[in-house]
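Working notes for the structure below.
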Amino acid sequence: MTEGNFVDYTKIYASSGKGGGGSVHLHREKYITKGGPDGGDGGRGGHIILRANPNLWTLFHLKFNKHFRAEHGGHGSKSRSTGKDGADVYVDVPLGTIVRDSETQEILFEITTENTEQILLEGGMGGLGNWNFRSSTNQTPRYAQPGIDGKEGWFQLELKLLADVGLVGFPNAGKSTLLSVLTAAKPKIADYAFTTLKPNLGIVKYRDFQTFVMADIPGIIEGAAEGKGLGHRFLRHIERNSTLLFLIPADSDDINKEYAILLNELKKHNPELLDKSRLLAISKSDMLDDELKDEIKKELPKGIETLFISSIAQQGLVELKDTLWKMLNE
């Protein structure tokens, strides 16, 4: 998934089908002069249905295809024949998609599990044919119901990535490098701030052919929750991660301060994020000798397990994967 193809927000216009009209028909057959009413019902209009597709990671496929219209129901006919139901229209979305009403901003539903199908707009019901209105006092009704109109509107789709581990840190903390080393993902890496402009996902291979998903979120800066920098747009993706891996480089001026700022930004965005499992990794540790590591350990944040790693030198990565796997399965 490249940066240009990653879309986590879009709007679509949906219109369900109108129900078919009921039939007004009187039975005619040789030797039967008064066969009575036999008009059939109309078929229902087609639904607009959102369907979970685990093979999708982004809403990019909806970026240029925003309009969806379902088929109208067929009209009823003679011999009490019911009209054909309108064909449903399925819209595939990735797991983690939130659907809102564009006008009210009300969350209608979320799609978070495989094989989920959720009706966005129901098609209109078909009208009743005149056969339904016969009675002892009205034996030849010459009227039927029209079909009910379908529904339409604009809807807002938002994606929150479903990843097991979310990488949290300032720009240039080494998040993209770590993701590229642990997974087959190829995020953009360079020596300047905001290299990562869009979230990147990668699958980490573990022992016995087991895997877990890791997400690299664009770097967070102080004030991100208020809209500063790039990270604020993607803070919502962290809400879906079960474990947060904080990355702070070994050459940081104040590890405690950086960790406190990151925690504060998460808290301002959504206080529930602080309830997630957390692990702190000191990246770029290949530049440290044992004496420097001992000095840094004395000043590390309290209440969080800390590991020293180096993506470039491949140091501490096995221990990191072991710790993350343990946390994910507790």
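By convention here, the chains of the structure tokens are called A, B, ... in the order presented, each chain's residues are numbered starting at 1, and ligands are numbered starting at 1 in the order presented.
Near Gln315 (chain A), within 12 Å and counting only C-alpha atoms, sit Leu178, Val181, Leu182, Ala281, Ile282, Ser283, Lys284, Ser285, Asp286, Met287, Leu288, Leu307, Phe308, Ile309, Ser310, Ser311, Ile312, Ala313, Leu317, Val318, Glu319, Leu320 and Lys321 of chain A; same-chain residues fewer than 2 positions away were not included.
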Item to complete: List the neighbours of Asp38 (chain A) out to 6 Å using only C-alpha atoms; skip same-chain residues closer than 2 positions along the sequence, and give me the result as a VMD selection string.
Response: chain A and resid 25 to 27 78 to 80 131
Write a file of the selected residues as a PDB file, in the first residue's frame, keeping N, CA and C atoms.
```pdb
ATOM      1  N   HIS A  25     -55.644  -6.084 -12.387  1.00  0.00           N
ATOM      2  CA  HIS A  25     -55.986  -7.010 -13.468  1.00  0.00           C
ATOM      3  C   HIS A  25     -57.156  -7.887 -13.044  1.00  0.00           C
ATOM      4  N   LEU A  26     -58.043  -8.124 -13.982  1.00  0.00           N
ATOM      5  CA  LEU A  26     -59.183  -9.014 -13.752  1.00  0.00           C
ATOM      6  C   LEU A  26     -58.995 -10.259 -14.599  1.00  0.00           C
ATOM      7  N   HIS A  27     -59.193 -11.385 -13.956  1.00  0.00           N
ATOM      8  CA  HIS A  27     -58.937 -12.666 -14.607  1.00  0.00           C
ATOM      9  C   HIS A  27     -59.859 -12.865 -15.803  1.00  0.00           C
ATOM     10  N   LYS A  78     -50.565 -10.132 -14.131  1.00  0.00           N
ATOM     11  CA  LYS A  78     -51.754 -10.976 -13.999  1.00  0.00           C
ATOM     12  C   LYS A  78     -51.415 -12.310 -13.346  1.00  0.00           C
ATOM     13  N   SER A  79     -52.465 -13.038 -13.046  1.00  0.00           N
ATOM     14  CA  SER A  79     -52.346 -14.366 -12.416  1.00  0.00           C
ATOM     15  C   SER A  79     -51.602 -14.296 -11.089  1.00  0.00           C
ATOM     16  N   ARG A  80     -51.753 -13.152 -10.405  1.00  0.00           N
ATOM     17  CA  ARG A  80     -51.151 -12.937  -9.089  1.00  0.00           C
ATOM     18  C   ARG A  80     -49.628 -13.094  -9.127  1.00  0.00           C
ATOM     19  N   TRP A 131     -55.601  -8.001  -6.187  1.00  0.00           N
ATOM     20  CA  TRP A 131     -56.069  -9.273  -5.610  1.00  0.00           C
ATOM     21  C   TRP A 131     -56.160  -9.179  -4.088  1.00  0.00           C
TER      22      TRP A 131
END
```
Item to complete: Could you please write out, as a PyMOL selection string, every residue of region 84-288 of chain A that DSSP assigns to alpha helix (DSSP H)?
Response: chain A and resi 175-182+235-238+255-269
May I have the selected residues written with N, CA and C atoms, as an mmCIF file, in the first residue's frame?
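Saved result, again-v8.cif, follows:
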```
data_model
loop_
_atom_site.group_PDB
_atom_site.id
_atom_site.type_symbol
_atom_site.label_atom_id
_atom_site.label_comp_id
_atom_site.auth_asym_id
_atom_site.auth_seq_id
_atom_site.Cartn_x
_atom_site.Cartn_y
_atom_site.Cartn_z
ATOM 1 N N LYS A 175 10.347 4.929 13.261
ATOM 2 C CA LYS A 175 9.175 4.058 13.120
ATOM 3 C C LYS A 175 9.150 3.366 11.749
ATOM 4 N N SER A 176 9.367 4.144 10.694
ATOM 5 C CA SER A 176 9.330 3.578 9.342
ATOM 6 C C SER A 176 10.451 2.566 9.141
ATOM 7 N N THR A 177 11.623 2.875 9.682
ATOM 8 C CA THR A 177 12.753 1.947 9.557
ATOM 9 C C THR A 177 12.453 0.632 10.260
ATOM 10 N N LEU A 178 11.877 0.723 11.469
ATOM 11 C CA LEU A 178 11.525 -0.492 12.200
ATOM 12 C C LEU A 178 10.497 -1.310 11.425
ATOM 13 N N LEU A 179 9.485 -0.652 10.852
ATOM 14 C CA LEU A 179 8.464 -1.368 10.099
ATOM 15 C C LEU A 179 9.075 -2.055 8.882
ATOM 16 N N SER A 180 10.006 -1.386 8.217
ATOM 17 C CA SER A 180 10.618 -1.968 7.017
ATOM 18 C C SER A 180 11.495 -3.174 7.353
ATOM 19 N N VAL A 181 12.075 -3.180 8.560
ATOM 20 C CA VAL A 181 12.946 -4.286 8.967
ATOM 21 C C VAL A 181 12.123 -5.487 9.448
ATOM 22 N N LEU A 182 11.027 -5.215 10.177
ATOM 23 C CA LEU A 182 10.230 -6.307 10.743
ATOM 24 C C LEU A 182 9.233 -6.894 9.753
ATOM 25 N N LEU A 235 -4.559 10.248 14.225
ATOM 26 C CA LEU A 235 -4.647 9.771 15.609
ATOM 27 C C LEU A 235 -5.772 8.754 15.775
ATOM 28 N N ARG A 236 -6.829 8.873 14.965
ATOM 29 C CA ARG A 236 -7.960 7.951 15.113
ATOM 30 C C ARG A 236 -7.567 6.510 14.794
ATOM 31 N N HIS A 237 -6.527 6.326 13.952
ATOM 32 C CA HIS A 237 -6.115 4.965 13.615
ATOM 33 C C HIS A 237 -5.575 4.229 14.848
ATOM 34 N N ILE A 238 -4.992 4.992 15.781
ATOM 35 C CA ILE A 238 -4.425 4.377 16.982
ATOM 36 C C ILE A 238 -5.532 3.779 17.851
ATOM 37 N N ILE A 255 14.129 11.825 27.246
ATOM 38 C CA ILE A 255 13.211 10.723 26.938
ATOM 39 C C ILE A 255 11.930 10.848 27.741
ATOM 40 N N ASN A 256 12.058 11.192 29.026
ATOM 41 C CA ASN A 256 10.869 11.339 29.874
ATOM 42 C C ASN A 256 9.917 12.393 29.326
ATOM 43 N N LYS A 257 10.471 13.516 28.917
ATOM 44 C CA LYS A 257 9.643 14.621 28.412
ATOM 45 C C LYS A 257 8.935 14.217 27.112
ATOM 46 N N GLU A 258 9.667 13.570 26.203
ATOM 47 C CA GLU A 258 9.057 13.154 24.935
ATOM 48 C C GLU A 258 7.922 12.163 25.173
ATOM 49 N N TYR A 259 8.158 11.222 26.077
ATOM 50 C CA TYR A 259 7.120 10.232 26.376
ATOM 51 C C TYR A 259 5.890 10.912 26.977
ATOM 52 N N ALA A 260 6.115 11.884 27.866
ATOM 53 C CA ALA A 260 4.991 12.597 28.495
ATOM 54 C C ALA A 260 4.191 13.383 27.458
ATOM 55 N N ILE A 261 4.877 13.997 26.487
ATOM 56 C CA ILE A 261 4.175 14.753 25.440
ATOM 57 C C ILE A 261 3.322 13.821 24.584
ATOM 58 N N LEU A 262 3.901 12.684 24.209
ATOM 59 C CA LEU A 262 3.147 11.719 23.400
ATOM 60 C C LEU A 262 1.909 11.231 24.139
ATOM 61 N N LEU A 263 2.075 10.895 25.409
ATOM 62 C CA LEU A 263 0.933 10.445 26.209
ATOM 63 C C LEU A 263 -0.134 11.526 26.304
ATOM 64 N N ASN A 264 0.294 12.754 26.487
ATOM 65 C CA ASN A 264 -0.647 13.863 26.624
ATOM 66 C C ASN A 264 -1.446 14.084 25.346
ATOM 67 N N GLU A 265 -0.792 13.961 24.184
ATOM 68 C CA GLU A 265 -1.505 14.132 22.914
ATOM 69 C C GLU A 265 -2.545 13.027 22.722
ATOM 70 N N LEU A 266 -2.197 11.805 23.103
ATOM 71 C CA LEU A 266 -3.156 10.709 23.001
ATOM 72 C C LEU A 266 -4.335 10.937 23.943
ATOM 73 N N LYS A 267 -4.036 11.416 25.135
ATOM 74 C CA LYS A 267 -5.085 11.665 26.129
ATOM 75 C C LYS A 267 -6.037 12.747 25.656
ATOM 76 N N LYS A 268 -5.497 13.813 25.057
ATOM 77 C CA LYS A 268 -6.356 14.899 24.583
ATOM 78 C C LYS A 268 -7.225 14.445 23.421
ATOM 79 N N HIS A 269 -6.690 13.555 22.600
ATOM 80 C CA HIS A 269 -7.485 13.046 21.478
ATOM 81 C C HIS A 269 -8.580 12.107 21.953
#
```
Fill in: Nearest to Thr58 (chain A) by atom-to-atom distance, counting only C-alpha atoms, from A:Val7, A:Ala163, A:Ile32, A:Leu300
A:Val7
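A straight line drawn from CA of Glu158 (chain A) to CA of Ser102 (chain A) is 11.4 Å long.
In this structure, CA of Gly22 (chain A) sits 15.0 Å away from CA of Thr140 (chain A).
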Discussion item. Just want the 7 Å neighbourhood of Asn53 (chain A), counted on only C-alpha atoms, with same-chain residues fewer than 5 positions away dropped. Output as a list in words.
Written reply: Asp92, Val93, Pro94, Leu95 and Glu114 of chain A
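By chain and then residue number, the residues within 9 Å of Leu324 (chain A) are Val165, Thr243, Leu245, Leu279, Glu319, Leu320, Lys321, Met327, Leu328 and Asn329 of chain A, counting only C-alpha atoms and disregarding those fewer than 3 positions away in sequence.
Closest approach to Ser277 (chain A) among A:Lys297, A:Arg69, A:Lys326, A:Lys205: A:Lys326, based on only C-alpha atoms.
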Fill in: Residues within 12 Å of region 151-156 of chain A, only C-alpha atoms, excluding chain neighbours under 5 positions, as a VMD selection string
chain A and resid 8 to 19 45 to 48 50 59 62 to 63 66 to 70 72 97 to 110 119 to 125
Fill in: Using only C-alpha atoms: which of A:Gly20, A:Arg51, A:Leu159, A:Ser135 has the shortest distance to Lys84 (chain A)
A:Gly20
Worksheet item: Hey, can you check how far CA of Phe170 (chain A) sits from CA of Leu273 (chain A)?
Response: 17.2 Å
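Neighbouring residues of Met214 (chain A) at 9 Å or closer, counting only C-alpha atoms and skipping chain neighbours under 2 positions away, are Ala163, Asp164, Val165, Gly166, Leu167, Leu179, Thr183, Asn200, Leu201, Gly202, Ile203, Val204, Phe212, Asp216 and Asn241 of chain A.
Proximity of A:Thr113, A:Ser252, A:Thr211, A:Gln314 to Pro54 (chain A), computed with only C-alpha atoms, is greatest for A:Thr113.
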Item to complete: Choose the residue, out of A:Ala250, A:Leu292, A:Ile304, A:Val91, that has the smallest atom-to-atom separation from Lys276 (chain A); count only C-alpha atoms.
Response: A:Ile304
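Distance annotation: of A:Asp275, A:Leu247, A:Asn132, A:Leu161, the residue with the minimal separation from Ala215 (chain A) is A:Leu161; atom set is only C-alpha atoms.
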